[in-house]
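> Take this structure first; my questions come after.
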Amino acid sequence: MVTQTERTLRSRRLKVLYTTLTLLIAFVLLMLHQYVASRRLMGEEMQITAAIIGANSAAALAFNDVKAARETLGVIRFNPRVIGGALYQADGVLLAREGDVERRLPADLSVNDASAALPAGAPKLTSDGLVRGSMRKDISVEGTRVGTLLLYVTFASLYWHLLEYAIGTLAIAAVALVLAYQLTSRMRRRMLRAEQQLEHMAFFDPVTGLPNRRMFEHELRQAVTRVQREHDEVALLFIDVDDFKKVNDCCGHEAGDQVLHLIGERLKAVARSSDVVARLGGDEFAALLFGIGSSDNAAAVARSMIQVIDEAFPTEPVPSHVGLSIGVAMLTTDGDDPALLLRRADMAMYVAKTSGKNNLHFFSEEIDARVRGELALEVGLRQALTHEGRGLWVAYQPQLCAKTRRLVGVEALVRWQQDDGHLVSPAEFIPVAEKTGLITDLGDWVLGQVCRDLALMRSAGVELHKVAVNVSSRQLLRGRTVVDNFCQTLLRFGEPVGRFEFELTESTLMGSGGAAVLDAFGKAGFSLSIDDFGTGYSSLGYLKRFQVGTLKIDQSFVRGLPHSTENAAIVVAVIQMAQALSITVVAEGVETEAQTAFLQNAGCDVLQGYWLGRPMPAVQLVSFVKALDTPEVG
């Protein structure tokens, strides 16, 4: 089988042969043209010479003056093309001869020259050889031929001229070829470098020098074919760099590119020469481990990668630390379709990242089901928000005063019922909304729906004094815009700002990026509530700075009351601290009368839980509130 290299060499030889043959034909044709033109020019020159000599010899021939004839023929000594010449009288008898050393000119023209009988006229070549020839000129005086001139000429100067012309032409051609060769070679090298650069850019990442996604997908297809043919064990690693954004934010994008380059080098150092390590884009890498033997060996390599990345990267002004989340899929245990394998390894990486980062996870059918379920929830939730909240509604859980058991407010909780009637738990779709960013649109919809429900309840004779609405940390990423949007929504529905309380988690309160937004909430007149207090970390200074109005004790502490002494101590401590700071305390998750009594005795301000009232639609809340306001008979 002829290889590509052999075909290229054969093509180059044929091109050289065709070029050489073309140049040779062109050279031969050029020389033929030059020969014909020079021969014609020389003939014209000889004719002129013969005409001049003949005109000057007419008198000598008419008077048979040998001396004058010789003097006239003497001029041929100055013409290198004329070897000899002779003048003949009208009867063909030789009158004078000059320079004819070889005696080639006949002594009697009438006897020896067959052309003697030719009519008088212009000079004619009587003998036209390749090297030498003779030229005849009949000389007439007033129309009467008085004699004949014969010139014996040589064509040596013509051939010397052709040789000089050929040498000059070849020299010029050689110089031109050398220059052209140098130029084309330089252009060819540049084109070759450009092609190599384009090929490198098409298949390799410019930052790390590793194969890019296109090249890696090609290698993955080859690996699938190899596994099917040789039944070899190959592992696919999908690698995501944890917390890489902080490198760009703290050190700049140039330092980020340097870190990516070093990550690629460290990953290659762990892998073998037969393995493939690639950068898929951004902070995502991938690797193919050939002949890995088992999933345990693949896990060992993945752990080694995590370990080498754990070492600090030398960036300025401070060293950078990142981690790796790695998803592993085995060929062909987890499939034999390259695109499917990449998706499954990506799913496993996602699980590793959500499980605490800097970890590895193998793909499984459970992961597939989980990811597909989350994708279905995302699609359904997105459609619901697109169609004006179809299937979404707001449930309101009552908040009662611990002393009087009167309604002091409600917490708005979003609920979702799909088209098939299935009620999706908030524990399922809220995390999906957080991950996909849909939580922002969902939060805007909830606030608008609360305003519509307040108008509905107001028309039924129920006026709520406080509504608590949850705000996600993802919403706060919009900055002050989220506060402006809330104010515009309330203004559009005509609801007062003081009626609303926004609940945030402790991590949101402590987040550095949320401080300006929390200040904006306070300036707008909204009260803030810390949800699930005690499960995170809060600073008393932060509670005071942001003018937090309410603390909600997490239900995990309420659940064990009153029997759990540890929970009881925590709850009492939180209540006492809040009272000292003049902050209202809400205990959520109250499910028994014993819990209610304990919290009331401990000084808790507000109670919330199934024992007091489940989350309910606005219509049921109206009935609930009216029942609370109706005094018992008896």
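In the structure tokens, each chain is lettered A, B, ... as it comes, each chain's residues begin at 1, and ligands are numbered from 1 in order of appearance.
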Would you give me, as a ChimeraX atom specification, the residues in region 229-459 of chain A that DSSP reads as strand (DSSP E or B)?

/A:234-242,276-281,284-290,313,320,323-332,335,360-362,392-401,407-417,423-424

> Which residues are near His387 (chain A)? Cut-off 12 Å, only C-alpha atoms, ignore same chain within fewer than 6 positions. Put them as JSON, numbers by chain.

{"A": [380, 381, 445]}

> Quick one: residues within 12 Å of region 31-48 of chain A, only C-alpha atoms, excluding same-chain residues fewer than 6 positions away - as a ChimeraX atom specification?

/A:24-25,54-55,76,79-83,85,121-125,128-138,149-170

> Could you dump the residues just selected with C-alpha atoms as a short mmCIF file (atom, residue, chain, number, x, y, z; two decimals), in the first residue's frame?


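Here's the written file result-v9.cif:
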data_model
loop_
_atom_site.label_atom_id
_atom_site.label_comp_id
_atom_site.auth_asym_id
_atom_site.auth_seq_id
_atom_site.Cartn_x
_atom_site.Cartn_y
_atom_site.Cartn_z
CA LEU A 24 13.92 22.76 -21.92
CA ILE A 25 11.31 23.04 -24.69
CA GLY A 54 29.52 46.05 -55.99
CA ALA A 55 28.74 49.73 -56.38
CA ILE A 76 36.49 42.75 -46.71
CA ASN A 79 34.51 42.41 -41.98
CA PRO A 80 35.08 39.29 -39.83
CA ARG A 81 32.16 37.52 -41.44
CA VAL A 82 33.73 37.62 -44.94
CA ILE A 83 36.57 35.15 -45.53
CA GLY A 85 35.82 37.83 -52.17
CA GLY A 121 19.40 41.36 -59.21
CA ALA A 122 19.72 41.41 -55.48
CA PRO A 123 22.51 39.45 -53.85
CA LYS A 124 21.78 35.76 -53.48
CA LEU A 125 23.31 33.02 -51.39
CA ASP A 128 24.17 28.23 -47.80
CA GLY A 129 25.82 25.73 -45.47
CA LEU A 130 25.67 25.51 -41.69
CA VAL A 131 29.18 26.86 -41.17
CA ARG A 132 30.10 28.69 -44.42
CA GLY A 133 28.45 29.98 -47.57
CA SER A 134 28.91 32.17 -50.62
CA MET A 135 26.96 35.21 -51.79
CA ARG A 136 26.64 36.47 -55.34
CA LYS A 137 26.00 40.01 -56.52
CA ASP A 138 25.60 40.88 -60.19
CA LEU A 149 30.87 39.80 -57.13
CA LEU A 150 31.27 36.62 -55.09
CA LEU A 151 31.79 36.74 -51.34
CA TYR A 152 32.86 33.72 -49.30
CA VAL A 153 31.37 34.14 -45.81
CA THR A 154 31.54 32.28 -42.49
CA PHE A 155 28.77 31.83 -39.91
CA ALA A 156 31.15 31.34 -36.99
CA SER A 157 30.28 34.73 -35.51
CA LEU A 158 26.62 33.74 -35.67
CA TYR A 159 27.24 30.63 -33.62
CA TRP A 160 29.45 32.51 -31.21
CA HIS A 161 26.65 35.00 -30.83
CA LEU A 162 24.18 32.16 -30.26
CA LEU A 163 26.54 30.59 -27.73
CA GLU A 164 26.84 33.89 -25.88
CA TYR A 165 23.09 34.30 -26.06
CA ALA A 166 22.57 30.76 -24.77
CA ILE A 167 25.06 31.25 -21.95
CA GLY A 168 23.45 34.58 -21.02
CA THR A 169 20.00 33.12 -21.19
CA LEU A 170 21.02 30.12 -19.08
#

> Find the residue from A:Leu331, A:Leu442, A:Val571, A:Val259 that sits nearest to Glu230 (chain A); use only C-alpha atoms when measuring.

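Ranking A:Leu331, A:Leu442, A:Val571, A:Val259 by distance to Glu230 (chain A), first place goes to A:Leu331.
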
> What are the nearest atom pairs, with distances in Å to one decimal, for all residues of region 543-621 of chain A that come at most 10 Å from region 448-463 of chain A, using only C-alpha atoms, set out by chain and rising residue number as JSON lines?


{"residue": "A:Pro617", "atom": "CA", "partner": "A:Asp453", "partner_atom": "CA", "distance": 9.0}
{"residue": "A:Ala618", "atom": "CA", "partner": "A:Asp453", "partner_atom": "CA", "distance": 6.2}
{"residue": "A:Val619", "atom": "CA", "partner": "A:Met457", "partner_atom": "CA", "distance": 7.3}
{"residue": "A:Gln620", "atom": "CA", "partner": "A:Met457", "partner_atom": "CA", "distance": 9.9}
{"residue": "A:Leu621", "atom": "CA", "partner": "A:Met457", "partner_atom": "CA", "distance": 8.3}

> In Å, rounded to a single decimal, give me how far CA of Ser325 (chain A) is from CA of Leu237 (chain A).

9.9 Å

> Mind pulling up the distance from CA of Ala312 (chain A) to CA of Ile292 (chain A)?

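These atoms are spaced 28.6 Å apart.
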
> DSSP on the backbone: which residues in region 306-460 of chain A end up as alpha helix (DSSP H)? Give the answer as a PyMOL selection string.

chain A and resi 306-309+338-354+365-386+426-436+438-459

> Can you pull out the residues contacting region 94-111 of chain A? Cut-off 10 Å, using only C-alpha atoms, and skip same-chain residues under 4 positions away; I want them as number ranges by chain.

A: 60-61, 64-77, 82-90, 115-117, 134, 147-152

> Return the single residue from A:Gln417, A:Asn56, A:Thr584, A:Gln397 that is closest to Met616 (chain A), with distances computed using only C-alpha atoms.

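Nearest candidate to Met616 (chain A) out of A:Gln417, A:Asn56, A:Thr584, A:Gln397: A:Gln397.
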
> Could you pull the residues within 9 Å of Arg614 (chain A), counting only C-alpha atoms, minus those fewer than 5 positions along the same chain, as a list in words?

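Contacts, in chain order: Ala395, Tyr396, Gln397, Pro398, Gln608 and Gly609 of chain A.
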
> Within 12 Å of Thr315 (chain A), counting only C-alpha atoms, which residues qualify if same-chain residues fewer than 5 places away don't, as a PDB file with all heavy atoms, in the first residue's frame?


ATOM      1  N   LYS A 246     -11.692  32.249  41.638  1.00  0.00           N
ATOM      2  CA  LYS A 246     -11.005  33.123  42.601  1.00  0.00           C
ATOM      3  C   LYS A 246      -9.576  33.423  42.149  1.00  0.00           C
ATOM      4  O   LYS A 246      -9.018  34.456  42.531  1.00  0.00           O
ATOM      5  CB  LYS A 246     -10.998  32.494  43.989  1.00  0.00           C
ATOM      6  CG  LYS A 246     -10.147  31.242  44.108  1.00  0.00           C
ATOM      7  CD  LYS A 246     -10.222  30.639  45.510  1.00  0.00           C
ATOM      8  CE  LYS A 246      -9.323  29.402  45.636  1.00  0.00           C
ATOM      9  NZ  LYS A 246      -9.444  28.787  46.978  1.00  0.00           N
ATOM     10  N   VAL A 247      -8.986  32.548  41.326  1.00  0.00           N
ATOM     11  CA  VAL A 247      -7.640  32.828  40.799  1.00  0.00           C
ATOM     12  C   VAL A 247      -7.705  34.020  39.855  1.00  0.00           C
ATOM     13  O   VAL A 247      -6.886  34.947  39.941  1.00  0.00           O
ATOM     14  CB  VAL A 247      -7.072  31.590  40.079  1.00  0.00           C
ATOM     15  CG1 VAL A 247      -5.683  31.896  39.512  1.00  0.00           C
ATOM     16  CG2 VAL A 247      -6.997  30.404  41.023  1.00  0.00           C
ATOM     17  N   ASN A 248      -8.678  34.009  38.938  1.00  0.00           N
ATOM     18  CA  ASN A 248      -8.835  35.139  38.025  1.00  0.00           C
ATOM     19  C   ASN A 248      -9.196  36.413  38.774  1.00  0.00           C
ATOM     20  O   ASN A 248      -8.706  37.501  38.452  1.00  0.00           O
ATOM     21  CB  ASN A 248      -9.919  34.830  36.978  1.00  0.00           C
ATOM     22  CG  ASN A 248      -9.429  33.843  35.935  1.00  0.00           C
ATOM     23  OD1 ASN A 248      -8.241  33.770  35.636  1.00  0.00           O
ATOM     24  ND2 ASN A 248     -10.342  33.072  35.377  1.00  0.00           N
ATOM     25  N   CYS A 250      -8.559  37.254  41.956  1.00  0.00           N
ATOM     26  CA  CYS A 250      -7.511  37.762  42.848  1.00  0.00           C
ATOM     27  C   CYS A 250      -6.218  38.106  42.115  1.00  0.00           C
ATOM     28  O   CYS A 250      -5.540  39.062  42.474  1.00  0.00           O
ATOM     29  CB  CYS A 250      -7.214  36.743  43.948  1.00  0.00           C
ATOM     30  SG  CYS A 250      -8.614  36.415  45.045  1.00  0.00           S
ATOM     31  N   CYS A 251      -5.875  37.322  41.104  1.00  0.00           N
ATOM     32  CA  CYS A 251      -4.556  37.459  40.477  1.00  0.00           C
ATOM     33  C   CYS A 251      -4.608  37.918  39.028  1.00  0.00           C
ATOM     34  O   CYS A 251      -3.564  38.213  38.443  1.00  0.00           O
ATOM     35  CB  CYS A 251      -3.794  36.130  40.563  1.00  0.00           C
ATOM     36  SG  CYS A 251      -3.649  35.471  42.240  1.00  0.00           S
ATOM     37  N   GLY A 252      -5.793  37.946  38.421  1.00  0.00           N
ATOM     38  CA  GLY A 252      -5.899  38.374  37.025  1.00  0.00           C
ATOM     39  C   GLY A 252      -5.948  37.194  36.075  1.00  0.00           C
ATOM     40  O   GLY A 252      -5.563  36.070  36.410  1.00  0.00           O
ATOM     41  N   HIS A 253      -6.422  37.479  34.872  1.00  0.00           N
ATOM     42  CA  HIS A 253      -6.602  36.406  33.884  1.00  0.00           C
ATOM     43  C   HIS A 253      -5.272  35.868  33.355  1.00  0.00           C
ATOM     44  O   HIS A 253      -5.191  34.699  32.974  1.00  0.00           O
ATOM     45  CB  HIS A 253      -7.460  36.914  32.722  1.00  0.00           C
ATOM     46  CG  HIS A 253      -8.906  37.128  33.108  1.00  0.00           C
ATOM     47  ND1 HIS A 253      -9.820  36.103  33.136  1.00  0.00           N
ATOM     48  CD2 HIS A 253      -9.560  38.242  33.506  1.00  0.00           C
ATOM     49  CE1 HIS A 253     -10.995  36.579  33.522  1.00  0.00           C
ATOM     50  NE2 HIS A 253     -10.869  37.874  33.756  1.00  0.00           N
ATOM     51  N   GLU A 254      -4.262  36.706  33.306  1.00  0.00           N
ATOM     52  CA  GLU A 254      -2.954  36.213  32.863  1.00  0.00           C
ATOM     53  C   GLU A 254      -2.423  35.165  33.832  1.00  0.00           C
ATOM     54  O   GLU A 254      -1.914  34.116  33.412  1.00  0.00           O
ATOM     55  CB  GLU A 254      -1.969  37.375  32.742  1.00  0.00           C
ATOM     56  CG  GLU A 254      -0.610  36.963  32.202  1.00  0.00           C
ATOM     57  CD  GLU A 254       0.321  38.143  32.011  1.00  0.00           C
ATOM     58  OE1 GLU A 254      -0.142  39.294  32.179  1.00  0.00           O
ATOM     59  OE2 GLU A 254       1.506  37.914  31.694  1.00  0.00           O
ATOM     60  N   ALA A 255      -2.549  35.453  35.121  1.00  0.00           N
ATOM     61  CA  ALA A 255      -2.149  34.458  36.125  1.00  0.00           C
ATOM     62  C   ALA A 255      -3.046  33.225  36.025  1.00  0.00           C
ATOM     63  O   ALA A 255      -2.581  32.094  36.224  1.00  0.00           O
ATOM     64  CB  ALA A 255      -2.234  35.067  37.519  1.00  0.00           C
ATOM     65  N   GLY A 256      -4.329  33.438  35.706  1.00  0.00           N
ATOM     66  CA  GLY A 256      -5.230  32.297  35.534  1.00  0.00           C
ATOM     67  C   GLY A 256      -4.779  31.389  34.406  1.00  0.00           C
ATOM     68  O   GLY A 256      -4.815  30.157  34.533  1.00  0.00           O
ATOM     69  N   ASP A 257      -4.319  31.986  33.301  1.00  0.00           N
ATOM     70  CA  ASP A 257      -3.804  31.170  32.190  1.00  0.00           C
ATOM     71  C   ASP A 257      -2.548  30.407  32.606  1.00  0.00           C
ATOM     72  O   ASP A 257      -2.344  29.254  32.205  1.00  0.00           O
ATOM     73  CB  ASP A 257      -3.498  32.062  30.987  1.00  0.00           C
ATOM     74  CG  ASP A 257      -4.764  32.581  30.312  1.00  0.00           C
ATOM     75  OD1 ASP A 257      -5.846  32.024  30.591  1.00  0.00           O
ATOM     76  OD2 ASP A 257      -4.665  33.538  29.522  1.00  0.00           O
ATOM     77  N   GLN A 258      -1.688  31.046  33.398  1.00  0.00           N
ATOM     78  CA  GLN A 258      -0.485  30.361  33.881  1.00  0.00           C
ATOM     79  C   GLN A 258      -0.857  29.169  34.766  1.00  0.00           C
ATOM     80  O   GLN A 258      -0.244  28.099  34.661  1.00  0.00           O
ATOM     81  CB  GLN A 258       0.395  31.339  34.644  1.00  0.00           C
ATOM     82  CG  GLN A 258       0.979  32.452  33.788  1.00  0.00           C
ATOM     83  CD  GLN A 258       1.766  33.461  34.616  1.00  0.00           C
ATOM     84  OE1 GLN A 258       1.821  33.385  35.838  1.00  0.00           O
ATOM     85  NE2 GLN A 258       2.367  34.442  33.935  1.00  0.00           N
ATOM     86  N   VAL A 259      -1.863  29.355  35.614  1.00  0.00           N
ATOM     87  CA  VAL A 259      -2.299  28.259  36.482  1.00  0.00           C
ATOM     88  C   VAL A 259      -2.876  27.121  35.640  1.00  0.00           C
ATOM     89  O   VAL A 259      -2.604  25.941  35.897  1.00  0.00           O
ATOM     90  CB  VAL A 259      -3.335  28.765  37.504  1.00  0.00           C
ATOM     91  CG1 VAL A 259      -3.968  27.591  38.253  1.00  0.00           C
ATOM     92  CG2 VAL A 259      -2.663  29.711  38.496  1.00  0.00           C
ATOM     93  N   LEU A 260      -3.658  27.458  34.617  1.00  0.00           N
ATOM     94  CA  LEU A 260      -4.207  26.423  33.735  1.00  0.00           C
ATOM     95  C   LEU A 260      -3.074  25.640  33.058  1.00  0.00           C
ATOM     96  O   LEU A 260      -3.154  24.411  32.918  1.00  0.00           O
ATOM     97  CB  LEU A 260      -5.111  27.049  32.681  1.00  0.00           C
ATOM     98  CG  LEU A 260      -6.470  27.575  33.166  1.00  0.00           C
ATOM     99  CD1 LEU A 260      -7.182  28.304  32.047  1.00  0.00           C
ATOM    100  CD2 LEU A 260      -7.335  26.424  33.677  1.00  0.00           C
ATOM    101  N   LEU A 262      -0.025  25.201  34.217  1.00  0.00           N
ATOM    102  CA  LEU A 262       0.615  24.353  35.230  1.00  0.00           C
ATOM    103  C   LEU A 262      -0.274  23.161  35.592  1.00  0.00           C
ATOM    104  O   LEU A 262       0.232  22.056  35.825  1.00  0.00           O
ATOM    105  CB  LEU A 262       0.921  25.180  36.481  1.00  0.00           C
ATOM    106  CG  LEU A 262       2.007  26.260  36.317  1.00  0.00           C
ATOM    107  CD1 LEU A 262       2.109  27.094  37.588  1.00  0.00           C
ATOM    108  CD2 LEU A 262       3.341  25.622  35.978  1.00  0.00           C
ATOM    109  N   SER A 320      -1.924  30.562  44.811  1.00  0.00           N
ATOM    110  CA  SER A 320      -3.300  30.129  44.562  1.00  0.00           C
ATOM    111  C   SER A 320      -3.454  28.652  44.888  1.00  0.00           C
ATOM    112  O   SER A 320      -2.557  27.835  44.630  1.00  0.00           O
ATOM    113  CB  SER A 320      -3.680  30.367  43.097  1.00  0.00           C
ATOM    114  OG  SER A 320      -3.624  31.737  42.790  1.00  0.00           O
ATOM    115  N   HIS A 321      -4.616  28.319  45.442  1.00  0.00           N
ATOM    116  CA  HIS A 321      -4.950  26.937  45.754  1.00  0.00           C
ATOM    117  C   HIS A 321      -6.269  26.587  45.062  1.00  0.00           C
ATOM    118  O   HIS A 321      -7.247  27.328  45.181  1.00  0.00           O
ATOM    119  CB  HIS A 321      -5.096  26.732  47.262  1.00  0.00           C
ATOM    120  CG  HIS A 321      -3.807  26.889  48.011  1.00  0.00           C
ATOM    121  ND1 HIS A 321      -2.968  25.826  48.294  1.00  0.00           N
ATOM    122  CD2 HIS A 321      -3.210  27.991  48.547  1.00  0.00           C
ATOM    123  CE1 HIS A 321      -1.913  26.266  48.957  1.00  0.00           C
ATOM    124  NE2 HIS A 321      -2.036  27.576  49.132  1.00  0.00           N
TER     125      HIS A 321
END

> Env of Leu551 (chain A): 6 Å cut, atoms = only C-alpha atoms, seq-sep filter 3 positions within chain, self excluded. Answer as a ChimeraX atom specification.

/A:529-530,585

> So how far away is CA of Ala516 (chain A) from CA of Val482 (chain A), in Å?

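CA of Ala516 (chain A) lies 11.5 Å from CA of Val482 (chain A).
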
> Between A:Ala194, A:Arg188, A:Gly327, A:Leu543, which is the closest to Lys357 (chain A) once you count only C-alpha atoms?

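Under the stated criterion, the closest residue is A:Gly327.
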
> Name the closest residue to Ala235 (chain A) among the candidates A:Ile263, A:Ala173, A:Ala298, A:Leu423; distances are taken between atoms, counting only C-alpha atoms.

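Nearest to Ala235 (chain A): A:Ala298.
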
> Have a look at A:Asp531, A:Asp554, A:Glu217, A:Glu265 and name the one nearest to Asn470 (chain A); count only C-alpha atoms.

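Ranked by minimum distance to Asn470 (chain A), first place goes to A:Asp531.
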